[in-house]
2 protein chains.
Amino acid sequence: MMNKEEKLKKYNEWVFKQSAYNMALALINYDKLTVAPISGSDFREKRSAFLAGEAFSISTDKEIFKIIKELKDDESLDPATSKALKMYYKKINNLMCIPKEDYIAYYQLVSQSYNAWLEAKNKNDYKIFEPYLKEIIESQKKIYGYRDSKESIYNQMLDDYETGMKEEDYDKFFYSIKNRLIPFINKIIKAKNINDAFLYRSYDIDSQKLFMHELINYLNFDRSWGYLSESEHPYTTWMCENDCRTTTKYIKYNISAAILSTIHEVGHATYEHNISDEYDGMILSEGVSCGMHESQSRLFENYLGRSLAFWQNNFSKLKAYFPNELMDVEVEDFYRAINKSEISLIRTEADELTYPLHILIRYEIEKGLFNGSISTENLNETWNQKYEEYLGIKVENDREGILQDIHWSDGSFGYFPTYALGSAFAAQFMNKMRKDIDVDSLLRDGEFSIIVNWLKDNIHQYGALYDARDLIEKVSGHEFDVNEYIDYLIEKYTELYNLS
Amino acid sequence: MMNKEEKLKKYNEWVFKQSAYNMALALINYDKLTVAPISGSDFREKRSAFLAGEAFSISTDKEIFKIIKELKDDESLDPATSKALKMYYKKINNLMCIPKEDYIAYYQLVSQSYNAWLEAKNKNDYKIFEPYLKEIIESQKKIYGYRDSKESIYNQMLDDYETGMKEEDYDKFFYSIKNRLIPFINKIIKAKNINDAFLYRSYDIDSQKLFMHELINYLNFDRSWGYLSESEHPYTTWMCENDCRTTTKYIKYNISAAILSTIHEVGHATYEHNISDEYDGMILSEGVSCGMHESQSRLFENYLGRSLAFWQNNFSKLKAYFPNELMDVEVEDFYRAINKSEISLIRTEADELTYPLHILIRYEIEKGLFNGSISTENLNETWNQKYEEYLGIKVENDREGILQDIHWSDGSFGYFPTYALGSAFAAQFMNKMRKDIDVDSLLRDGEFSIIVNWLKDNIHQYGALYDARDLIEKVSGHEFDVNEYIDYLIEKYTELYNLS
């Protein structure tokens, strides 16, 4: 029999070992997305799959699972260790119940499904993807079915991405959005248009990069612990609090794309950087909920990066790089242009106001797919009907319709809702932050570090120590309320469009 | 009892497994040297050390060793498998004889020694490094002493870097260099100077980068299988034939530094790229000798990249990026400038002609350190005396003297000689190549691919299938002869300096 100290020693060694493999896999993936030569992908992928298998074997080690099971209820442990043990227990339990052959079969299916999705998107034909989507759903149902849970499959999936969030919670959430936002958006559509044509002039990419250096400097994104590179789809990854990588994508005929995606990703990176270094390499730093993470990136991008005060500091710097392109543009014009609301087909290009409706549509479809009320057959038509219903826009082809997002091809059902949830969490954080510090003055004065410190003290440092909604309550003093988000949107856009 | 097929299956699985860890470790190192944020190094290094330990355990697996031992003498196997088995056997045998505690102790010592070397170099004080150097040598003697070999320790080390090369071979090699090159260099010193001042004007780094894109295109270094990035010390690493990475370093007040280092590294990368893909991930691609690898990088850099014909194609492109800086410079001036010979203190900055003397000095010191005729005590003075004797130059401080190179800090004794050997191998290859194809016309016409194909067909494709000197004989039709190298140098510099 091991005593508690021996068990903790074993547990800590296992945490370290896991973190070594996770680091290698994260770096291999980062390399792939940023610089790796394409012809080497087959060689690399076979080997990284092998290492992922090694990591899986380590994660599901039976001796460790037993130790974690015993330790997790030990009330003498400190809260951080205790929370980590409970999270690991849940995670491993959900993995270990899956027969290895099902696990491998599922991952092979995901790889095929991704290729089918890519082909379907390229050929603009949902039918190519449909059988795979169907099989992915069946396969997910089977795999989740192994869990010892009373919850519906979709509730389990939702919980995986956002602990504690169930269909009934999201139903309420999206009900409010539908109820209050759709009528407001209809008013905005009829309002006078905002001119944003100048955003799409020709902007030299080298100059964009030089400005980006100034911008990340303003954001306190420091080269000693962070690095900005480029990839087809901007993203953020991290090894530890002192190694956070973000990417962006520069587009010549769009000055705001790289800027806003950089601010967004730096939000993710800053969160990770500020998590207590005691949690480095363990689940309290990896395991922050998707909604919480997204709340910080959206807080950076939308609540700070799309504010007038932010650009009152940064616009003159941008203009210095593009004196001709922005000659006739004032900071207020720029602010209005990057916030222009427009009904559109593509989620990732949607503005702040219409964005949650794109998520609403995906949520309703996911729910239907798992409760059986919606079938994968002709799902493109279901998709198109919902876009017409909620956004009043006609989807002309599958590529800009159901095939636009990668997420379903890899079985990530239950993930989309956290995107809207994150934006809403951010509203509640911002309301509290504005009570504590004068955000706009700080943005104008280039005192971004004070904002970052507020986030660190109130949110970031804890990592996954608290569940998202508990942390929101701890920070704001009251329960999560979607209306703070909706109020914020309505207020911002009423002013922006001069509605009364 | 396993049959042959079962053994080969186990062996191939082990090769694959090894290659997965090697790939992860190579990528982690590449990342560290190119983009990784510095503050994360402690976190990363602890984990990569752990993974290196895992790789070591796999390499020295006893069951596999037994299988390899049995298979290596099976004459029914194809030559490539057979050669690979013999190489693995030798490699593992040399590793397995080391007690694990000695292995770990040595690696800890190397890490401390590197730090001591860095500190000594910064403080310009050999005394700080001396005790570590002494311990590294003692430790290497101990570790090599475990091997069951009749050869001297230094001979074993030489063999590790260049199979089959012993002291007596290198003695003859360097004897010829001393005997024929030193008198010639003395003539060059007295000759009329070459003007190279224009190389050190101000060269905008962004423009250097744009030219470099054209240059690597000329060299057939293709983005689909290769990638050029930047690091403090230029180097090359590879995962497989279709994933070869090189780095360079741009210096504003030196137009030739990044260019020549890029051509050098692309030589290494091209070699790896052209090795038969059947050897991907196995020792026939990893295990090419240091001298062979260096022969290809030096062939690119010196024999091609510093030739007039090369620049007759590329100089106008360079000039287009630097019309003002190179206004008064003709291609012949540029060619002479990048070949200027000058007695200097720093090996890595030495010209083609004096370079082997820097290696000679290191070789004599290494030999003396291991046969006991030279001590680490006051080794800086020994160093300085040799620079005065062979190069007629006074070393003013340790930083530009004995502390300039990293190699001894990590115990790489026996490695330096392969640098000179590689240059000499290249001479013999070039003599044959010039008989087969019209190298200068091809360089002038931008037909670099024909040169690359010659190298691939004659040298690269084989990887480590043949030992270096066997391959030289196979290619040139006769034994390796250092005089081809010395003849080349004397001929080139006689013409360059208009000697008669």
# chains A, B, ... in the order shown; residues from 1 in each chain; ligands from 1

call {"tool": "interface_residues", "arguments": {"of": "chain B", "to": "chain A", "cutoff": "7 Å", "atoms": "only C-alpha atoms", "output": "list in words"}}
result
Ala20, Ala24, Leu27, Ile28, Pro37, Ile38, Ser39, Gly40, Arg47, Ser48, Leu51, Arg223, Ser224, Trp225, Gly226, Tyr227, Cys240, Asn242 and Asp243 of chain B

call {"tool": "write_last_selection", "arguments": {"atoms": "N, CA, C and O atoms", "output": "mmCIF file, in the first residue's frame"}}
result
data_model
loop_
_atom_site.group_PDB
_atom_site.id
_atom_site.type_symbol
_atom_site.label_atom_id
_atom_site.label_comp_id
_atom_site.auth_asym_id
_atom_site.auth_seq_id
_atom_site.Cartn_x
_atom_site.Cartn_y
_atom_site.Cartn_z
ATOM 1 N N ALA B 20 10.130 8.498 -34.605
ATOM 2 C CA ALA B 20 9.101 9.395 -34.070
ATOM 3 C C ALA B 20 9.687 10.284 -32.970
ATOM 4 O O ALA B 20 9.479 11.499 -32.948
ATOM 5 N N ALA B 24 10.428 14.423 -33.024
ATOM 6 C CA ALA B 24 9.954 15.351 -31.992
ATOM 7 C C ALA B 24 11.128 16.141 -31.415
ATOM 8 O O ALA B 24 11.053 17.361 -31.263
ATOM 9 N N LEU B 27 12.447 18.705 -33.894
ATOM 10 C CA LEU B 27 11.549 19.855 -34.029
ATOM 11 C C LEU B 27 11.609 20.759 -32.810
ATOM 12 O O LEU B 27 11.561 21.978 -32.924
ATOM 13 N N ILE B 28 11.692 20.170 -31.639
ATOM 14 C CA ILE B 28 11.787 20.971 -30.411
ATOM 15 C C ILE B 28 13.069 21.813 -30.451
ATOM 16 O O ILE B 28 13.070 22.993 -30.092
ATOM 17 N N PRO B 37 10.018 31.495 -27.476
ATOM 18 C CA PRO B 37 10.243 32.562 -26.497
ATOM 19 C C PRO B 37 11.217 32.106 -25.403
ATOM 20 O O PRO B 37 11.069 31.017 -24.852
ATOM 21 N N ILE B 38 12.161 32.963 -25.094
ATOM 22 C CA ILE B 38 13.269 32.611 -24.205
ATOM 23 C C ILE B 38 12.796 32.243 -22.794
ATOM 24 O O ILE B 38 13.331 31.304 -22.181
ATOM 25 N N SER B 39 11.787 32.932 -22.288
ATOM 26 C CA SER B 39 11.379 32.673 -20.897
ATOM 27 C C SER B 39 10.792 31.276 -20.701
ATOM 28 O O SER B 39 10.740 30.788 -19.581
ATOM 29 N N GLY B 40 10.374 30.656 -21.791
ATOM 30 C CA GLY B 40 9.813 29.310 -21.657
ATOM 31 C C GLY B 40 10.863 28.218 -21.699
ATOM 32 O O GLY B 40 10.527 27.030 -21.628
ATOM 33 N N ARG B 47 11.288 19.141 -20.217
ATOM 34 C CA ARG B 47 10.458 18.148 -20.908
ATOM 35 C C ARG B 47 11.173 17.518 -22.104
ATOM 36 O O ARG B 47 11.012 16.328 -22.361
ATOM 37 N N SER B 48 11.991 18.304 -22.793
ATOM 38 C CA SER B 48 12.693 17.665 -23.912
ATOM 39 C C SER B 48 13.774 16.729 -23.389
ATOM 40 O O SER B 48 14.056 15.696 -24.010
ATOM 41 N N LEU B 51 12.016 13.531 -22.797
ATOM 42 C CA LEU B 51 11.754 12.800 -24.045
ATOM 43 C C LEU B 51 13.043 12.213 -24.619
ATOM 44 O O LEU B 51 13.036 11.120 -25.183
ATOM 45 N N ARG B 223 10.276 25.281 -51.507
ATOM 46 C CA ARG B 223 9.439 25.455 -50.318
ATOM 47 C C ARG B 223 8.594 24.218 -50.002
ATOM 48 O O ARG B 223 8.176 24.036 -48.855
ATOM 49 N N SER B 224 8.330 23.375 -51.003
ATOM 50 C CA SER B 224 7.483 22.213 -50.728
ATOM 51 C C SER B 224 8.212 21.186 -49.856
ATOM 52 O O SER B 224 7.583 20.399 -49.161
ATOM 53 N N TRP B 225 9.543 21.196 -49.890
ATOM 54 C CA TRP B 225 10.289 20.238 -49.054
ATOM 55 C C TRP B 225 11.331 20.916 -48.159
ATOM 56 O O TRP B 225 11.993 20.252 -47.358
ATOM 57 N N GLY B 226 11.487 22.224 -48.301
ATOM 58 C CA GLY B 226 12.501 22.912 -47.499
ATOM 59 C C GLY B 226 11.998 24.235 -46.974
ATOM 60 O O GLY B 226 10.989 24.755 -47.444
ATOM 61 N N TYR B 227 12.669 24.758 -45.997
ATOM 62 C CA TYR B 227 12.263 26.056 -45.449
ATOM 63 C C TYR B 227 13.489 26.764 -44.898
ATOM 64 O O TYR B 227 14.276 26.170 -44.156
ATOM 65 N N CYS B 240 12.897 14.323 -42.721
ATOM 66 C CA CYS B 240 12.878 13.284 -43.757
ATOM 67 C C CYS B 240 13.311 13.930 -45.050
ATOM 68 O O CYS B 240 13.570 15.131 -45.083
ATOM 69 N N ASN B 242 11.716 14.919 -47.413
ATOM 70 C CA ASN B 242 10.813 15.988 -47.817
ATOM 71 C C ASN B 242 10.569 17.028 -46.738
ATOM 72 O O ASN B 242 9.557 17.728 -46.746
ATOM 73 N N ASP B 243 11.470 17.097 -45.797
ATOM 74 C CA ASP B 243 11.356 18.130 -44.767
ATOM 75 C C ASP B 243 12.752 18.484 -44.273
ATOM 76 O O ASP B 243 13.252 17.908 -43.307
#

call {"tool": "residues_around", "arguments": {"residues": "stretch 257-268 of chain A", "least_positions_apart": "6", "cutoff": "6 Å", "atoms": "only C-alpha atoms", "output": "list in words"}}
result
Thr236, Thr246, Thr248, Lys249, Tyr250, Gln296, Ser297, Phe300 and Glu301 of chain A

call {"tool": "residues_around", "arguments": {"residues": "A:Ile472", "least_positions_apart": "6", "cutoff": "8 Å", "atoms": "only C-alpha atoms", "output": "list of chain:residue names"}}
result
A:Phe425, A:Gln428, A:Phe429, A:His478, A:Glu479, A:Phe480

call {"tool": "select_by_dssp", "arguments": {"residues": "stretch 80-311 of chain A", "states": "strand (DSSP E or B)", "output": "ChimeraX atom specification"}}
result
/A:226-230,236-240,243-248,251,254

call {"tool": "write_last_selection", "arguments": {"atoms": "all heavy atoms", "output": "compact mmCIF listing (two decimals), in the first residue's frame"}}
result
# COMPACT_ATOMS: atom_id res chain seq x y z
N GLY A 226 6.11 35.39 -25.67
CA GLY A 226 5.13 35.16 -26.72
C GLY A 226 5.73 35.34 -28.09
O GLY A 226 6.81 35.92 -28.24
N TYR A 227 5.07 34.84 -29.10
CA TYR A 227 5.58 35.00 -30.45
C TYR A 227 4.40 35.01 -31.42
O TYR A 227 3.51 34.17 -31.34
CB TYR A 227 6.54 33.85 -30.80
CG TYR A 227 7.16 33.98 -32.17
CD1 TYR A 227 7.93 35.09 -32.49
CD2 TYR A 227 6.96 33.01 -33.14
CE1 TYR A 227 8.50 35.23 -33.74
CE2 TYR A 227 7.53 33.13 -34.41
CZ TYR A 227 8.29 34.25 -34.69
OH TYR A 227 8.86 34.38 -35.94
N LEU A 228 4.42 36.00 -32.30
CA LEU A 228 3.38 36.11 -33.32
C LEU A 228 3.92 35.62 -34.65
O LEU A 228 4.92 36.14 -35.13
CB LEU A 228 2.94 37.58 -33.46
CG LEU A 228 1.99 37.89 -34.62
CD1 LEU A 228 0.62 37.25 -34.42
CD2 LEU A 228 1.84 39.39 -34.83
N SER A 229 3.30 34.60 -35.22
CA SER A 229 3.69 34.20 -36.57
C SER A 229 2.45 34.15 -37.46
O SER A 229 1.43 34.73 -37.11
CB SER A 229 4.46 32.88 -36.55
OG SER A 229 3.68 31.86 -36.01
N GLU A 230 2.54 33.46 -38.59
CA GLU A 230 1.44 33.47 -39.54
C GLU A 230 0.97 32.06 -39.84
O GLU A 230 1.76 31.12 -39.85
CB GLU A 230 1.89 34.10 -40.87
CG GLU A 230 2.20 35.57 -40.76
CD GLU A 230 2.86 36.11 -42.03
OE1 GLU A 230 2.24 35.99 -43.10
OE2 GLU A 230 3.99 36.62 -41.92
N THR A 236 -4.04 30.15 -31.49
CA THR A 236 -3.13 30.33 -30.38
C THR A 236 -2.83 28.99 -29.75
O THR A 236 -3.72 28.15 -29.62
CB THR A 236 -3.74 31.27 -29.31
OG1 THR A 236 -4.02 32.52 -29.92
CG2 THR A 236 -2.79 31.49 -28.14
N THR A 237 -1.59 28.78 -29.39
CA THR A 237 -1.23 27.57 -28.67
C THR A 237 -0.20 27.95 -27.61
O THR A 237 0.37 29.04 -27.67
CB THR A 237 -0.67 26.50 -29.64
OG1 THR A 237 -0.49 25.26 -28.93
CG2 THR A 237 0.68 26.90 -30.21
N TRP A 238 0.00 27.09 -26.63
CA TRP A 238 0.93 27.44 -25.58
C TRP A 238 1.54 26.19 -24.99
O TRP A 238 0.96 25.12 -25.00
CB TRP A 238 0.24 28.24 -24.47
CG TRP A 238 -1.00 27.57 -23.97
CD1 TRP A 238 -1.12 26.67 -22.97
CD2 TRP A 238 -2.33 27.76 -24.51
NE1 TRP A 238 -2.43 26.27 -22.84
CE2 TRP A 238 -3.18 26.91 -23.76
CE3 TRP A 238 -2.86 28.56 -25.51
CZ2 TRP A 238 -4.54 26.84 -24.01
CZ3 TRP A 238 -4.22 28.47 -25.77
CH2 TRP A 238 -5.06 27.63 -25.02
N MET A 239 2.78 26.36 -24.48
CA MET A 239 3.47 25.27 -23.81
C MET A 239 3.34 25.48 -22.31
O MET A 239 3.17 24.56 -21.54
CB MET A 239 4.96 25.26 -24.16
CG MET A 239 5.28 25.40 -25.65
SD MET A 239 4.56 24.08 -26.63
CE MET A 239 3.83 25.05 -27.96
N CYS A 240 3.49 26.74 -21.90
CA CYS A 240 3.45 27.08 -20.48
C CYS A 240 3.17 28.58 -20.40
O CYS A 240 3.05 29.25 -21.41
CB CYS A 240 4.77 26.72 -19.81
SG CYS A 240 6.20 27.61 -20.48
N ASP A 243 5.39 30.63 -22.59
CA ASP A 243 5.56 30.27 -24.00
C ASP A 243 4.19 30.17 -24.65
O ASP A 243 3.58 29.12 -24.69
CB ASP A 243 6.33 28.95 -24.13
CG ASP A 243 6.67 28.63 -25.57
OD1 ASP A 243 6.07 29.24 -26.48
OD2 ASP A 243 7.52 27.75 -25.79
N CYS A 244 3.74 31.32 -25.17
CA CYS A 244 2.41 31.40 -25.77
C CYS A 244 2.57 31.90 -27.20
O CYS A 244 3.11 32.97 -27.42
CB CYS A 244 1.52 32.35 -24.99
SG CYS A 244 1.40 31.94 -23.23
N ARG A 245 2.09 31.11 -28.15
CA ARG A 245 2.26 31.47 -29.57
C ARG A 245 0.92 31.82 -30.20
O ARG A 245 -0.04 31.07 -30.06
CB ARG A 245 2.84 30.28 -30.35
CG ARG A 245 3.83 29.41 -29.60
CD ARG A 245 5.20 29.96 -29.66
NE ARG A 245 6.13 29.10 -28.94
CZ ARG A 245 6.98 28.25 -29.52
NH1 ARG A 245 6.99 28.13 -30.83
NH2 ARG A 245 7.82 27.53 -28.79
N THR A 246 0.90 32.89 -30.93
CA THR A 246 -0.29 33.24 -31.69
C THR A 246 0.08 33.36 -33.15
O THR A 246 1.23 33.58 -33.49
CB THR A 246 -0.90 34.59 -31.26
OG1 THR A 246 0.04 35.61 -31.58
CG2 THR A 246 -1.20 34.63 -29.78
N THR A 247 -0.91 33.21 -34.01
CA THR A 247 -0.67 33.43 -35.43
C THR A 247 -1.72 34.39 -35.96
O THR A 247 -2.77 34.60 -35.34
CB THR A 247 -0.75 32.13 -36.25
OG1 THR A 247 -2.10 31.70 -36.29
CG2 THR A 247 0.12 31.03 -35.65
N THR A 248 -1.43 34.96 -37.10
CA THR A 248 -2.40 35.82 -37.77
C THR A 248 -2.30 35.56 -39.25
O THR A 248 -1.47 34.78 -39.70
CB THR A 248 -2.18 37.30 -37.42
OG1 THR A 248 -3.31 38.05 -37.86
CG2 THR A 248 -0.92 37.85 -38.10
N ILE A 251 -3.98 40.00 -45.08
CA ILE A 251 -4.72 40.06 -46.35
C ILE A 251 -4.50 41.44 -46.94
O ILE A 251 -4.74 42.46 -46.29
CB ILE A 251 -6.23 39.81 -46.12
CG1 ILE A 251 -6.45 38.44 -45.47
CG2 ILE A 251 -7.01 39.92 -47.43
CD1 ILE A 251 -7.87 38.18 -45.00
N ASN A 254 -7.52 44.03 -47.19
CA ASN A 254 -8.36 44.11 -45.99
C ASN A 254 -7.46 44.50 -44.82
O ASN A 254 -6.71 43.68 -44.31
CB ASN A 254 -9.03 42.76 -45.75
CG ASN A 254 -10.01 42.82 -44.60
OD1 ASN A 254 -9.93 43.71 -43.74
ND2 ASN A 254 -10.93 41.87 -44.55

call {"tool": "select_by_dssp", "arguments": {"residues": "stretch 164-200 of chain B", "states": "helix (DSSP H, G or I)", "output": "PyMOL selection string"}}
result
chain B and resi 167-190+197-200

call {"tool": "write_last_selection", "arguments": {"atoms": "N, CA, C and O atoms", "output": "compact mmCIF listing (two decimals), in the first residue's frame"}}
result
# COMPACT_ATOMS: atom_id res chain seq x y z
N GLU B 167 43.99 8.61 -36.34
CA GLU B 167 45.05 9.60 -36.21
C GLU B 167 46.05 9.53 -37.36
O GLU B 167 46.45 10.56 -37.92
N GLU B 168 46.49 8.31 -37.69
CA GLU B 168 47.52 8.22 -38.73
C GLU B 168 47.02 8.76 -40.07
O GLU B 168 47.79 9.35 -40.83
N ASP B 169 45.70 8.60 -40.33
CA ASP B 169 45.15 9.15 -41.57
C ASP B 169 45.13 10.69 -41.52
O ASP B 169 45.51 11.36 -42.47
N TYR B 170 44.67 11.18 -40.39
CA TYR B 170 44.62 12.64 -40.27
C TYR B 170 46.03 13.25 -40.22
O TYR B 170 46.25 14.35 -40.70
N ASP B 171 46.95 12.52 -39.60
CA ASP B 171 48.34 13.03 -39.56
C ASP B 171 48.87 13.25 -40.97
O ASP B 171 49.43 14.30 -41.28
N LYS B 172 48.63 12.25 -41.82
CA LYS B 172 49.09 12.39 -43.22
C LYS B 172 48.37 13.54 -43.90
O LYS B 172 48.97 14.33 -44.62
N PHE B 173 47.06 13.60 -43.65
CA PHE B 173 46.23 14.65 -44.25
C PHE B 173 46.76 16.04 -43.89
O PHE B 173 47.02 16.88 -44.76
N PHE B 174 46.97 16.24 -42.61
CA PHE B 174 47.41 17.57 -42.17
C PHE B 174 48.88 17.84 -42.48
O PHE B 174 49.29 18.99 -42.64
N TYR B 175 49.64 16.76 -42.59
CA TYR B 175 51.05 16.94 -42.97
C TYR B 175 51.13 17.58 -44.36
O TYR B 175 51.86 18.55 -44.60
N SER B 176 50.32 17.04 -45.28
CA SER B 176 50.31 17.60 -46.64
C SER B 176 49.85 19.05 -46.63
O SER B 176 50.39 19.89 -47.36
N ILE B 177 48.85 19.31 -45.83
CA ILE B 177 48.33 20.68 -45.76
C ILE B 177 49.40 21.64 -45.24
O ILE B 177 49.64 22.71 -45.81
N LYS B 178 50.05 21.22 -44.17
CA LYS B 178 51.13 22.06 -43.61
C LYS B 178 52.22 22.27 -44.65
O LYS B 178 52.69 23.38 -44.88
N ASN B 179 52.63 21.17 -45.21
CA ASN B 179 53.79 21.15 -46.09
C ASN B 179 53.60 21.96 -47.36
O ASN B 179 54.49 22.66 -47.80
N ARG B 180 52.43 21.88 -47.93
CA ARG B 180 52.21 22.55 -49.21
C ARG B 180 51.47 23.87 -49.06
O ARG B 180 51.73 24.81 -49.81
N LEU B 181 50.55 23.96 -48.09
CA LEU B 181 49.73 25.18 -48.03
C LEU B 181 50.40 26.34 -47.31
O LEU B 181 50.27 27.49 -47.72
N ILE B 182 51.12 26.03 -46.24
CA ILE B 182 51.70 27.14 -45.47
C ILE B 182 52.67 27.98 -46.32
O ILE B 182 52.55 29.21 -46.34
N PRO B 183 53.58 27.36 -47.06
CA PRO B 183 54.45 28.19 -47.90
C PRO B 183 53.66 29.01 -48.93
O PRO B 183 53.97 30.17 -49.19
N PHE B 184 52.59 28.41 -49.46
CA PHE B 184 51.78 29.13 -50.45
C PHE B 184 51.07 30.31 -49.81
O PHE B 184 51.01 31.42 -50.38
N ILE B 185 50.52 30.07 -48.64
CA ILE B 185 49.82 31.17 -47.93
C ILE B 185 50.79 32.33 -47.68
O ILE B 185 50.43 33.50 -47.79
N ASN B 186 52.03 31.99 -47.36
CA ASN B 186 53.01 33.06 -47.14
C ASN B 186 53.24 33.91 -48.40
O ASN B 186 53.45 35.12 -48.30
N LYS B 187 53.12 33.28 -49.54
CA LYS B 187 53.23 34.04 -50.79
C LYS B 187 52.01 34.95 -50.97
O LYS B 187 52.12 36.09 -51.41
N ILE B 188 50.86 34.40 -50.67
CA ILE B 188 49.61 35.17 -50.82
C ILE B 188 49.63 36.42 -49.94
O ILE B 188 49.21 37.50 -50.34
N ILE B 189 50.14 36.24 -48.72
CA ILE B 189 50.17 37.37 -47.79
C ILE B 189 50.96 38.54 -48.37
O ILE B 189 50.60 39.71 -48.19
N LYS B 190 52.00 38.20 -49.08
CA LYS B 190 52.85 39.27 -49.64
C LYS B 190 52.29 39.85 -50.93
O LYS B 190 52.77 40.86 -51.42
N ALA B 197 36.18 46.20 -49.40
CA ALA B 197 35.53 47.15 -48.49
C ALA B 197 34.03 47.28 -48.78
O ALA B 197 33.22 47.43 -47.86
N PHE B 198 33.66 47.18 -50.07
CA PHE B 198 32.24 47.38 -50.43
C PHE B 198 31.32 46.31 -49.85
O PHE B 198 30.11 46.50 -49.76
N LEU B 199 31.88 45.16 -49.48
CA LEU B 199 31.03 44.12 -48.87
C LEU B 199 30.45 44.58 -47.53
O LEU B 199 29.46 44.02 -47.07
N TYR B 200 31.10 45.56 -46.94
CA TYR B 200 30.73 45.95 -45.57
C TYR B 200 29.99 47.29 -45.52
O TYR B 200 29.95 47.95 -44.50

call {"tool": "residues_around", "arguments": {"residues": "B:Trp311", "least_positions_apart": "4", "cutoff": "8 Å", "atoms": "only C-alpha atoms", "output": "PyMOL selection string"}}
result
chain B and resi 305-307+315+331+335+444

call {"tool": "residues_around", "arguments": {"residues": "B:Asp204", "least_positions_apart": "4", "cutoff": "12 Å", "atoms": "only C-alpha atoms", "output": "PyMOL selection string"}}
result
chain B and resi 200+208-211+250-255+321-325

call {"tool": "residues_around", "arguments": {"residues": "B:Asn122", "least_positions_apart": "6", "cutoff": "10 Å", "atoms": "only C-alpha atoms", "output": "NGL selection string"}}
result
:B and (116 or 398-399 or 403)

call {"tool": "residues_around", "arguments": {"residues": "stretch 132-134 of chain B", "least_positions_apart": "6", "cutoff": "7 Å", "atoms": "only C-alpha atoms", "output": "list of chain:residue names"}}
result
B:Ser113, B:Thr376, B:Ser409

call {"tool": "write_last_selection", "arguments": {"atoms": "N, CA and C atoms", "output": "compact mmCIF listing (two decimals), in the first residue's frame"}}
result
# COMPACT_ATOMS: atom_id res chain seq x y z
N SER B 113 28.99 22.57 -18.35
CA SER B 113 30.18 22.96 -19.08
C SER B 113 29.84 24.00 -20.14
N THR B 376 45.16 20.80 -20.09
CA THR B 376 44.19 21.89 -20.15
C THR B 376 44.72 23.14 -19.45
N SER B 409 33.15 22.42 -25.44
CA SER B 409 32.32 22.53 -24.22
C SER B 409 31.33 21.37 -24.13

call {"tool": "atom_distance", "arguments": {"atom1": "atom CA of B:Lys319", "atom2": "atom CA of B:Glu491"}}
result
28.6 Å

call {"tool": "atom_distance", "arguments": {"atom1": "atom CA of A:Val329", "atom2": "atom CA of A:Ser316"}}
result
10.6 Å

call {"tool": "atom_distance", "arguments": {"atom1": "atom CA of B:Asp159", "atom2": "atom CA of B:Met292"}}
result
13.3 Å
